[in-house]
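Trainee: Below is upload-v9.txt; it holds compact mmCIF, C-alpha atoms.
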```
# COMPACT_ATOMS: atom_id res chain seq x y z
CA MET A 575 99.78 47.83 210.21
CA THR A 576 103.30 49.27 210.46
CA LYS A 577 104.13 51.95 212.96
CA PHE A 578 104.52 54.47 210.20
CA SER A 579 101.23 53.72 208.44
CA GLU A 580 99.54 53.81 211.82
CA SER A 581 100.95 57.29 212.43
CA ILE A 582 99.72 58.46 209.02
CA ILE A 583 96.19 57.16 209.60
CA GLY A 584 96.31 58.61 213.11
CA LYS A 585 97.29 62.01 211.75
CA ILE A 586 94.53 61.88 209.14
CA LYS A 587 91.93 61.06 211.75
CA CYS A 588 93.23 63.35 214.42
CA GLU A 589 93.52 66.38 212.15
CA HIS A 590 90.32 65.51 210.25
CA ILE A 591 92.17 65.54 206.95
CA ALA A 592 89.90 64.75 204.02
CA PRO A 593 90.58 64.36 200.30
CA VAL A 594 90.01 67.56 198.34
CA PRO A 595 86.72 67.16 196.42
CA ARG A 596 86.95 66.03 192.80
CA TRP A 597 85.16 69.10 191.48
CA HIS A 598 88.03 71.23 192.72
CA PHE A 599 90.47 69.43 190.40
CA LEU A 600 88.00 69.35 187.53
CA LEU A 601 87.51 73.08 187.87
CA LYS A 602 91.26 73.71 187.94
CA ASP A 603 91.88 71.56 184.88
CA SER A 604 88.92 73.11 183.04
CA ALA A 605 90.28 76.57 183.81
CA PHE A 606 93.61 75.73 182.20
CA TRP A 607 91.85 74.25 179.19
CA THR A 608 89.62 77.28 178.87
CA PHE A 609 92.58 79.64 179.02
CA SER A 610 94.40 77.54 176.41
CA VAL A 611 91.43 77.61 174.05
CA PHE A 612 90.88 81.29 174.72
CA SER A 613 94.53 82.05 173.93
CA VAL A 614 94.24 80.16 170.65
CA ILE A 615 91.09 82.13 169.78
CA LEU A 616 92.85 85.42 170.52
CA GLY A 617 95.85 84.22 168.52
CA SER A 618 93.51 83.34 165.64
CA LEU A 619 91.95 86.80 165.75
CA SER A 620 95.42 88.32 165.70
CA PHE A 621 96.33 86.26 162.67
CA SER A 622 93.09 87.16 160.91
CA VAL A 623 93.93 90.84 161.31
CA VAL A 624 97.40 90.18 159.89
CA MET A 625 95.67 88.64 156.86
CA HIS A 626 93.28 91.56 156.66
CA ILE A 627 96.12 94.06 156.57
CA ILE A 628 98.05 92.03 154.03
CA ASN A 629 94.88 91.91 151.99
CA SER A 630 94.74 95.69 152.02
CA GLY A 631 96.87 95.39 148.89
CA ASP A 632 99.88 97.13 150.28
CA LEU A 633 102.21 94.21 149.80
CA ASP A 634 102.19 94.30 146.01
CA ILE A 635 103.31 97.93 145.91
CA VAL A 636 106.63 96.89 147.34
CA ASN A 637 107.95 97.10 143.77
CA HIS A 638 107.35 100.81 143.86
CA LEU A 639 109.69 101.20 146.73
CA GLN A 640 113.41 101.32 146.74
CA GLY A 641 115.27 99.27 149.31
CA ASN A 642 115.00 95.68 150.12
CA LEU A 643 111.83 93.68 150.10
CA LEU A 644 112.16 92.43 153.62
CA THR A 645 112.35 95.87 155.17
CA SER A 646 109.35 96.98 153.16
CA ALA A 647 107.36 93.89 153.96
CA VAL A 648 108.19 94.14 157.63
CA MET A 649 107.08 97.76 157.56
CA LEU A 650 103.80 96.67 156.11
CA LEU A 651 103.14 93.83 158.46
CA PRO A 652 101.38 94.72 161.64
CA TYR A 653 104.05 93.83 164.17
CA PHE A 654 101.51 94.56 166.80
CA TRP A 655 99.36 91.62 165.78
CA LEU A 656 102.26 89.32 165.15
CA LEU A 657 103.46 90.13 168.64
CA PHE A 658 100.02 89.28 169.95
CA LEU A 659 100.01 86.02 168.03
CA GLY A 660 103.35 85.09 169.63
CA LEU A 661 102.18 86.18 173.04
CA PHE A 662 99.01 84.12 172.86
CA ALA A 663 100.98 81.11 171.65
CA ILE A 664 103.14 81.39 174.77
CA VAL A 665 100.11 81.83 177.05
CA ALA A 666 98.48 78.80 175.38
CA TYR A 667 101.69 76.84 175.95
CA PHE A 668 101.81 77.58 179.69
CA ASN A 669 98.14 76.75 180.14
CA TRP A 670 98.40 73.56 178.13
CA LYS A 671 101.49 72.59 180.10
CA SER A 672 99.49 72.98 183.32
CA THR A 673 96.75 70.60 182.22
CA LYS A 674 96.89 67.03 183.49
CA ASN A 675 98.67 65.51 180.50
CA GLY A 676 100.29 68.63 179.14
CA TYR A 677 103.76 67.52 180.18
CA ARG A 678 103.70 64.66 177.69
CA TYR A 679 104.23 66.99 174.76
CA LYS A 680 107.38 68.85 173.83
CA ARG A 681 107.37 72.61 174.14
CA ARG A 682 108.11 73.16 170.47
CA TRP A 683 105.11 71.03 169.43
CA ILE A 684 102.74 72.82 171.78
CA VAL A 685 103.86 76.24 170.55
CA PHE A 686 103.85 75.08 166.92
CA GLY A 687 100.41 73.50 167.39
CA SER A 688 99.05 76.65 168.94
CA VAL A 689 100.39 78.82 166.10
CA ALA A 690 99.12 76.32 163.49
CA LEU A 691 95.64 76.37 165.06
CA SER A 692 95.75 80.18 165.15
CA VAL A 693 96.68 80.25 161.47
CA PHE A 694 93.86 77.85 160.59
CA PHE A 695 91.14 79.53 162.64
CA GLY A 696 92.57 82.95 161.78
CA SER A 697 91.97 82.17 158.11
CA VAL A 698 88.42 81.10 158.94
CA PHE A 699 87.80 84.28 160.96
CA PHE A 700 89.22 86.33 158.10
CA ALA A 701 86.93 84.62 155.62
CA LEU A 702 83.99 85.39 157.91
CA GLY A 703 84.92 89.09 157.96
CA MET A 704 85.72 89.15 161.65
CA ALA A 705 89.20 90.60 161.10
CA LYS A 706 87.88 93.80 159.57
CA LYS A 707 85.39 94.21 162.40
CA LEU A 708 88.08 93.72 165.00
CA ASP A 709 90.47 96.09 163.25
CA ASN A 710 87.75 98.73 163.09
CA LEU A 711 86.81 98.20 166.70
CA MET A 712 90.42 98.56 167.81
CA THR A 713 90.82 101.67 165.70
CA LEU A 714 87.75 103.24 167.27
CA THR A 715 88.45 102.28 170.84
CA ILE A 716 92.22 102.38 171.23
CA PRO A 717 93.77 105.75 170.29
CA LEU A 718 97.29 104.34 170.30
CA TYR A 719 96.29 101.64 167.85
CA ASN A 720 94.58 104.18 165.66
CA GLU A 721 97.64 106.40 165.72
CA SER A 722 100.12 103.63 164.95
CA LYS A 723 97.92 102.39 162.12
CA HIS A 724 97.81 105.81 160.58
CA ASN A 725 101.53 106.25 161.06
CA ALA A 726 102.18 102.99 159.25
CA LEU A 727 99.80 104.01 156.48
CA ASN A 728 101.48 107.38 156.13
CA GLU A 729 104.94 105.89 156.21
CA LEU A 730 104.06 103.82 153.21
CA TRP A 731 101.54 105.90 151.30
CA LEU A 732 102.77 109.40 151.89
CA GLN A 733 105.64 109.04 149.47
CA PRO A 734 104.58 111.06 146.42
CA GLU A 735 108.18 111.09 145.14
CA LYS A 736 107.95 107.33 144.93
CA GLY A 737 104.53 107.49 143.29
CA LEU A 738 102.42 106.66 146.36
CA LEU A 739 99.73 108.85 147.79
CA ALA A 740 96.81 108.30 150.15
CA GLY A 741 94.15 110.68 151.26
CA LYS A 742 90.52 111.65 151.33
CA ILE A 743 88.74 112.75 148.16
CA ILE A 744 87.43 116.20 148.90
CA GLU A 745 86.51 117.29 145.38
CA ILE A 746 85.73 115.55 142.10
CA ASP A 747 85.84 117.37 138.78
CA GLU A 748 84.40 114.93 136.28
CA ASN A 749 84.78 117.28 133.29
CA GLU A 750 88.46 117.85 133.86
CA GLU A 751 88.87 114.32 135.19
CA LYS A 752 90.59 115.59 138.27
CA LEU A 753 90.34 114.85 141.95
CA ILE A 754 91.40 116.87 144.91
CA VAL A 755 92.87 114.52 147.49
CA ARG A 756 93.75 115.72 150.96
CA ASP A 757 96.58 113.74 152.54
CA GLU A 758 97.03 113.06 156.28
CA ASN A 759 99.16 116.19 156.63
CA GLY A 760 96.29 118.27 155.32
CA LYS A 761 97.95 119.03 152.00
CA ASP A 762 95.64 119.09 148.95
CA TRP A 763 96.78 117.29 145.84
CA THR A 764 95.35 117.71 142.38
CA VAL A 765 95.20 114.22 141.00
CA THR A 766 94.68 113.75 137.27
CA ASP A 767 92.78 110.54 136.72
CA ASN A 768 92.19 110.49 132.96
CA ALA A 769 94.26 107.33 132.49
CA THR A 770 93.34 105.82 135.76
CA GLY A 771 92.18 102.35 136.61
CA TRP A 772 89.72 102.50 139.49
CA GLU A 773 89.65 99.42 141.62
CA ASP A 774 86.03 100.02 142.41
CA SER A 775 83.70 102.54 140.80
CA SER A 776 82.01 103.17 144.16
CA LEU A 777 85.27 104.75 145.27
CA GLU A 778 84.69 107.79 143.09
CA LYS A 779 82.87 109.68 145.80
CA LYS A 780 83.66 112.62 147.97
CA GLY A 781 84.83 111.59 151.43
CA LYS A 782 86.30 108.28 150.36
CA ILE A 783 89.83 107.53 151.41
CA VAL A 784 91.85 106.20 148.53
CA LYS A 785 95.33 105.02 147.80
CA VAL A 786 96.74 106.40 144.61
CA ILE A 787 99.60 104.96 142.59
CA GLY A 788 101.17 107.11 139.89
CA ARG A 789 103.78 109.84 139.72
CA LYS A 790 104.29 113.24 141.19
CA CYS A 791 104.30 115.86 138.45
CA GLY A 792 104.39 119.11 140.36
CA ASP A 793 104.50 120.54 143.81
CA SER A 794 100.94 119.56 144.55
CA SER A 795 99.89 117.69 141.45
CA PHE A 796 99.88 113.98 140.90
CA GLU A 797 99.14 111.83 137.89
CA ALA A 798 97.31 108.67 138.87
CA THR A 799 97.62 105.36 137.10
CA GLU A 800 95.66 103.41 139.66
CA VAL A 801 93.25 104.25 142.46
CA ARG A 802 92.66 101.67 145.14
CA LYS A 803 90.34 101.51 148.05
CA CYS A 804 91.86 101.71 151.48
CA ASN A 805 90.65 98.46 153.04
CA ASN A 806 91.99 99.19 156.44
CA CYS A 807 90.97 102.83 156.68
CA GLN A 808 88.30 103.17 159.32
CA ASP A 809 87.25 106.59 157.99
CA ASP A 810 86.22 104.87 154.79
CA GLU A 811 83.60 102.88 156.65
CA ASP A 812 82.38 105.97 158.50
CA VAL A 813 81.86 107.79 155.26
CA ASP A 814 79.89 104.89 153.86
CA ILE A 815 77.61 104.92 156.86
CA LYS A 816 77.14 108.70 156.66
CA ASN A 817 76.39 108.52 152.94
CA LYS A 818 73.86 105.75 153.47
CA LYS A 819 72.20 107.74 156.23
CA ALA A 820 72.06 110.83 154.02
CA GLU A 821 70.61 108.80 151.14
CA ASN A 822 67.96 107.33 153.42
CA GLU A 823 67.03 110.77 154.72
CA GLN A 824 66.59 112.04 151.17
CA MET B 580 89.03 49.52 210.97
CA ILE B 581 89.31 47.05 208.13
CA LYS B 582 87.34 43.90 208.79
CA ASP B 583 89.20 40.57 208.95
CA LYS B 584 87.41 39.20 205.92
CA GLU B 585 88.41 42.22 203.88
CA LYS B 586 91.99 41.95 205.11
CA LEU B 587 92.33 38.59 203.40
CA ASN B 588 91.35 40.09 200.06
CA ILE B 589 93.37 43.28 200.37
CA ALA B 590 96.63 41.73 199.29
CA GLU B 591 95.02 40.93 195.96
CA LYS B 592 93.76 44.43 195.39
CA THR B 593 95.61 46.66 192.97
CA ASP B 594 96.79 50.09 194.06
CA GLU B 595 94.13 51.67 191.91
CA GLN B 596 91.38 49.60 193.56
CA LEU B 597 92.74 50.61 196.94
CA VAL B 598 92.48 54.28 195.96
CA VAL B 599 88.77 53.78 195.29
CA LEU B 600 88.35 51.96 198.61
CA THR B 601 90.31 54.65 200.48
CA LEU B 602 87.98 57.33 199.19
CA LYS B 603 85.17 55.42 200.93
CA ASP B 604 87.10 54.43 204.04
CA GLU B 605 90.36 56.07 205.12
CA ASN B 606 91.54 52.90 206.87
CA PHE B 607 92.33 51.33 203.51
CA TYR B 608 94.98 53.97 203.04
CA SER B 609 97.21 52.19 205.52
CA VAL B 610 97.64 49.39 202.97
CA LEU B 611 98.89 51.80 200.34
CA VAL B 612 101.20 53.41 202.89
CA GLU B 613 102.63 50.03 203.81
CA ARG B 614 103.18 49.14 200.17
CA TYR B 615 105.13 52.29 199.44
CA GLU B 616 106.76 53.51 202.64
CA GLU B 617 110.02 51.62 202.19
CA LYS B 618 110.32 52.23 198.45
CA LEU B 619 109.63 55.92 198.79
CA ALA B 620 111.90 56.36 201.81
CA ARG B 621 114.72 54.82 199.78
CA TYR B 622 113.90 56.94 196.75
CA ILE B 623 113.80 60.16 198.79
CA LEU B 624 117.09 59.27 200.40
CA ARG B 625 118.65 58.51 197.03
CA ILE B 626 117.70 61.75 195.39
CA SER B 627 117.92 64.10 198.34
CA GLY B 628 120.81 62.92 200.44
CA GLY B 629 118.95 64.24 203.47
CA SER B 630 119.21 62.99 207.02
CA LYS B 631 117.00 60.19 208.32
CA GLU B 632 114.78 62.74 210.06
CA ASP B 633 114.45 64.85 206.91
CA VAL B 634 113.51 61.78 204.93
CA GLU B 635 110.88 60.75 207.46
CA ASP B 636 109.38 64.23 207.50
CA THR B 637 109.27 64.32 203.73
CA LEU B 638 107.77 60.85 203.57
CA GLN B 639 105.01 61.84 205.95
CA ASP B 640 104.31 64.93 203.84
CA VAL B 641 104.18 62.77 200.72
CA PHE B 642 101.55 60.43 202.14
CA ILE B 643 99.44 63.19 203.64
CA SER B 644 99.62 65.19 200.40
CA ALA B 645 98.77 62.11 198.35
CA TYR B 646 95.76 61.43 200.60
CA LYS B 647 94.50 64.99 200.24
CA ASN B 648 94.86 64.77 196.46
CA LEU B 649 93.44 61.27 195.99
CA ASN B 650 90.59 62.67 193.90
CA ASP B 651 93.15 64.07 191.50
CA PHE B 652 94.66 60.64 190.87
CA ASP B 653 94.48 59.92 187.17
CA PRO B 654 93.56 56.26 186.53
CA ASP B 655 95.51 56.49 183.25
CA LEU B 656 98.66 56.60 185.35
CA LYS B 657 100.09 53.91 187.55
CA PHE B 658 99.53 54.74 191.21
CA SER B 659 103.25 54.20 191.76
CA SER B 660 104.12 56.85 189.13
CA TRP B 661 101.68 59.24 190.72
CA ILE B 662 103.01 58.84 194.25
CA TYR B 663 106.63 58.91 193.07
CA ARG B 664 105.80 62.20 191.35
CA ILE B 665 104.48 63.61 194.61
CA ALA B 666 107.62 62.41 196.35
CA HIS B 667 109.80 63.97 193.66
CA ASN B 668 108.00 67.31 194.00
CA LYS B 669 108.16 67.21 197.79
CA VAL B 670 111.89 66.54 197.67
CA ILE B 671 112.33 69.51 195.37
CA SER B 672 110.39 71.83 197.64
CA HIS B 673 111.93 70.50 200.87
CA PHE B 674 115.54 70.12 199.91
CA ARG B 675 116.15 72.77 197.30
CA LYS B 676 115.48 75.42 199.92
CA ILE B 677 118.66 74.30 201.60
CA THR B 678 120.89 73.85 198.56
CA ALA B 679 123.72 75.70 200.22
CA ARG B 680 124.19 72.76 202.52
CA PRO B 681 126.88 70.33 201.26
CA LYS B 682 125.12 67.28 199.91
CA THR B 683 126.20 63.71 200.32
CA VAL B 684 124.12 61.43 198.18
CA THR B 685 123.46 58.10 199.82
CA TYR B 686 123.36 54.85 197.93
CA GLU B 687 123.58 52.52 200.87
CA GLY B 688 122.50 49.02 200.12
CA ASP B 689 122.70 49.58 196.38
CA GLY B 690 125.29 46.96 195.75
CA GLN B 691 123.72 46.17 192.41
CA LEU B 692 124.14 49.75 191.22
CA LEU B 693 127.70 49.25 190.06
CA ASN B 694 126.80 46.26 187.92
CA ILE B 695 123.57 47.62 186.49
CA LEU B 696 124.92 51.01 185.58
CA ALA B 697 128.29 49.80 184.43
CA SER B 698 126.92 47.07 182.18
CA ASP B 699 124.63 49.58 180.58
CA LEU B 700 127.53 51.92 180.02
CA ASP B 701 129.66 49.17 178.56
CA ILE B 702 132.44 49.93 180.98
CA ALA B 703 131.70 47.11 183.33
CA ARG B 704 135.13 45.54 183.32
CA ASP B 705 136.89 48.82 183.99
CA LEU B 706 134.61 49.66 186.82
CA GLU B 707 134.88 46.27 188.39
CA ARG B 708 138.61 46.39 188.16
CA LYS B 709 139.20 49.93 189.29
CA TYR B 710 136.29 51.31 191.25
CA THR B 711 134.77 50.32 194.49
CA GLY B 712 131.10 50.85 195.23
CA GLU B 713 132.14 53.78 197.35
CA GLU B 714 133.84 55.46 194.39
CA VAL B 715 130.85 54.90 192.11
CA LYS B 716 128.69 56.42 194.81
CA SER B 717 130.95 59.42 194.90
CA ILE B 718 130.87 59.79 191.09
CA LEU B 719 127.08 59.71 191.14
CA GLY B 720 127.11 62.34 193.82
CA GLU B 721 129.08 64.59 191.48
CA LEU B 722 126.51 64.36 188.68
CA ASP B 723 124.09 67.18 187.96
CA GLU B 724 120.93 66.72 189.95
CA LYS B 725 118.71 66.21 186.89
CA TYR B 726 121.01 63.45 185.64
CA ARG B 727 121.28 61.79 189.01
CA GLU B 728 117.49 61.75 189.27
CA VAL B 729 116.95 59.94 185.98
CA LEU B 730 119.74 57.45 186.68
CA VAL B 731 118.21 56.66 190.07
CA LEU B 732 114.77 56.18 188.54
CA LYS B 733 116.03 54.13 185.61
CA PHE B 734 118.66 51.94 187.21
CA LEU B 735 117.77 51.82 190.89
CA GLU B 736 114.01 52.22 190.95
CA GLU B 737 113.87 50.27 187.66
CA LYS B 738 111.23 52.48 186.12
CA ASP B 739 110.59 52.45 182.40
CA TYR B 740 110.62 55.57 180.21
CA LYS B 741 106.86 56.05 180.43
CA GLU B 742 106.94 55.89 184.22
CA ILE B 743 109.90 58.28 184.44
CA SER B 744 108.07 60.62 182.09
CA ASP B 745 105.01 60.53 184.37
CA ILE B 746 107.07 60.99 187.53
CA LEU B 747 109.22 63.88 186.32
CA GLU B 748 106.41 65.33 184.17
CA LYS B 749 108.63 65.53 181.12
CA PRO B 750 108.00 64.18 177.61
CA MET B 751 109.37 60.68 176.94
CA GLY B 752 111.80 62.04 174.35
CA THR B 753 113.25 64.40 176.92
CA VAL B 754 113.60 61.53 179.39
CA ALA B 755 115.53 59.50 176.81
CA THR B 756 117.81 62.46 176.14
CA LEU B 757 118.38 63.03 179.86
CA ILE B 758 119.29 59.39 180.39
CA ASN B 759 121.76 59.43 177.51
CA ARG B 760 123.36 62.62 178.75
CA ALA B 761 123.46 61.29 182.30
CA LYS B 762 125.25 58.16 181.14
CA LYS B 763 127.65 60.26 179.12
CA GLN B 764 128.40 62.48 182.09
CA PHE B 765 128.87 59.46 184.29
CA LYS B 766 131.31 57.98 181.80
CA GLU B 767 133.23 61.24 181.49
CA LYS B 768 133.60 61.45 185.24
CA THR B 769 134.91 57.90 185.47
CA LEU B 770 137.40 58.54 182.68
CA LYS B 771 138.53 61.75 184.36
CA ARG B 772 139.06 59.86 187.57
CA GLU B 773 141.00 57.21 185.72
CA ALA B 774 143.24 59.84 184.14
CA GLN B 775 143.88 61.35 187.57
CA THR B 776 144.92 58.03 189.06
CA LEU B 777 147.27 57.35 186.12
CA GLU B 778 149.06 60.70 186.49
CA PRO B 779 152.53 60.19 187.97
CA LYS B 780 152.80 61.67 191.42
CA THR B 781 155.56 64.28 191.73
```
Starting from the file, lay out its structure as structure tokens.
Mentor:
Amino acid sequence: MTKFSESIIGKIKCEHIAPVPRWHFLLKDSAFWTFSVFSVILGSLSFSVVMHIINSGDLDIVNHLQGNLLTSAVMLLPYFWLLFLGLFAIVAYFNWKSTKNGYRYKRRWIVFGSVALSVFFGSVFFALGMAKKLDNLMTLTIPLYNESKHNALNELWLQPEKGLLAGKIIEIDENEEKLIVRDENGKDWTVTDNATGWEDSSLEKKGKIVKVIGRKCGDSSFEATEVRKCNNCQDDEDVDIKNKKAENEQ
Amino acid sequence: MIKDKEKLNIAEKTDEQLVVLTLKDENFYSVLVERYEEKLARYILRISGGSKEDVEDTLQDVFISAYKNLNDFDPDLKFSSWIYRIAHNKVISHFRKITARPKTVTYEGDGQLLNILASDLDIARDLERKYTGEEVKSILGELDEKYREVLVLKFLEEKDYKEISDILEKPMGTVATLINRAKKQFKEKTLKREAQTLEPKT
């Protein structure tokens, strides 16, 4: 035994130094793995909501708008969720990097892999309807989210001059084929729907929130060519529930 | 203490087998310490440029830390890579606190350095003709720390890319890039020196 090794063994014995138990390292490594997986799941949920909002049908009305496509598309995309997706990809990267073999992979591949997994699982979550549930939950529980969502909706759909209108149906006149739609600012619009294509016949109910495409033909009158449902309008769901309850009571 | 009969077999044991034995009996750790104390002392000295006392302190920390973390040793790695990694990290935490101190990197006893590095750089003849070992040492001392580290591991510690990757905890591709850049920087510094010596003195 060399003098040095003797001093090391002596120190170990004298100070009662013992190896840290294996479970401690397993726990640490598992924690990093769990956080990585968790970040990917949150990233996937973020992506599924992005898909849900894109699916709301707003993207294809870009043609109705003046200005460039990119600005319009960016306006439509929920930056909030894209930001989350990016954030979770970074969190996943740092956790992955802290796992035992994480250093073997390049940063760009870890981030790319995390985003790719989020896109894949996000699509699965979207298909399972989880995106809509999450969007609704966020709308109900986070006032800021609710507000920004409505602002985005208004920014796009409260442009009657450009032929876009969104609001709640407060009156239906089937004889005259007219609707009264109240927009987010509380203004009532008389919408003529005699040449209108309804996306879904169940939309033609009082209380439904609809998106109307057409043209403005007066101070408060609008001629509709198409009426769409508002997929990402929470109020829409509420109305459905209320209607169902009322029907059951009857 | 290790029994005499066991002592005879110890020399044949691999580092990884000794780790398993150490976890049962701490006395086996002395064998691992003996195997690595010189190598690691030299490595610490090469990358830190610290004093003999600093190196000894760091070395002691390395072995104590390695002992405490023996259960974290990954059998997929070589034990040498694992303990070099600990040494690398200890050097960073010990010596980077005192970066303000002027650093003299020591390459004592590395007579082969000139030949190994120069032949790899394809400037062997120039170096042999113009530079002494002392000058090469000084050029290496001028290199960025990250470059010096990889050159030391590659050419002096004779580690392969996989081992360097495991020691520095960087992807193999990054290690290859670092080595190429380090060689380039080394070459630039030698050429700069050459230009300086050729300049007429006024």
Trainee: Per residue of chain A within 6 Å of chain B, which atom pair is closest and at what distance in Å (one decimal), using all atoms listed in the file, listed by chain and increasing number, as a tab-separated table?
Mentor:
```
residue	atom	partner	partner_atom	distance
A:Ser579	CA	B:Ser609	CA	5.2
A:Ala592	CA	B:Lys647	CA	6.0
A:Pro593	CA	B:Lys647	CA	4.0
A:Val594	CA	B:Lys647	CA	5.5
A:Arg596	CA	B:Asn650	CA	5.1
A:Tyr677	CA	B:Glu748	CA	5.3
A:Arg678	CA	B:Pro750	CA	4.3
A:Tyr679	CA	B:Pro750	CA	5.5
```
Trainee: So the first atom is CA of Thr766 (chain A) and the second is CA of Ala798 (chain A); what is the distance between them in Å, to one decimal place?
Mentor: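 For CA of Thr766 (chain A) relative to CA of Ala798 (chain A), the distance reads 5.9 Å.
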Trainee: Would you compute the distance between CA of Glu800 (chain A) and CA of Gly737 (chain A)? Give it in Å to one decimal.
Mentor: 10.4 Å
Trainee: Go through A:Gly660, A:Gly781, A:Gly760, A:Gly617 one by one, measure the shortest atom-to-atom distance of each to Phe695 (chain A) using all atoms listed in the file, and give the residue with the smallest value.
Mentor: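 Of A:Gly660, A:Gly781, A:Gly760, A:Gly617, the one nearest Phe695 (chain A), counting all atoms listed in the file, is A:Gly617.
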Trainee: What is the CA of Ser722 (chain A) to CA of Leu657 (chain A) distance in Å?
Mentor: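 Result for CA of Ser722 (chain A) versus CA of Leu657 (chain A): 14.4 Å, one decimal.
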Trainee: Around (97.8, 108.2, 149.7) in the file's frame, which residues reach within 10 Å when counting all atoms listed in the file? Return as a ChimeraX atom specification?
Mentor: /A:727-734,737-742,755-758,763,783-787,801-802,804
Trainee: I'd like the neighbourhood of region 630-633 of chain B as a PDB file with C-alpha atoms, in the coordinates of the input, where a residue qualifies if any of its atoms comes within 10 Å (using all atoms listed in the file), though same-chain residues fewer than 4 positions away should be ignored.
Mentor:
```pdb
ATOM      1  CA  ALA B 620     111.900  56.360 201.810  1.00  0.00           C
ATOM      2  CA  ILE B 623     113.800  60.160 198.790  1.00  0.00           C
ATOM      3  CA  LEU B 624     117.090  59.270 200.400  1.00  0.00           C
ATOM      4  CA  THR B 637     109.270  64.320 203.730  1.00  0.00           C
ATOM      5  CA  LEU B 638     107.770  60.850 203.570  1.00  0.00           C
ATOM      6  CA  GLN B 639     105.010  61.840 205.950  1.00  0.00           C
ATOM      7  CA  VAL B 670     111.890  66.540 197.670  1.00  0.00           C
ATOM      8  CA  HIS B 673     111.930  70.500 200.870  1.00  0.00           C
ATOM      9  CA  PHE B 674     115.540  70.120 199.910  1.00  0.00           C
ATOM     10  CA  THR B 683     126.200  63.710 200.320  1.00  0.00           C
ATOM     11  CA  THR B 685     123.460  58.100 199.820  1.00  0.00           C
TER      12      THR B 685
END
```
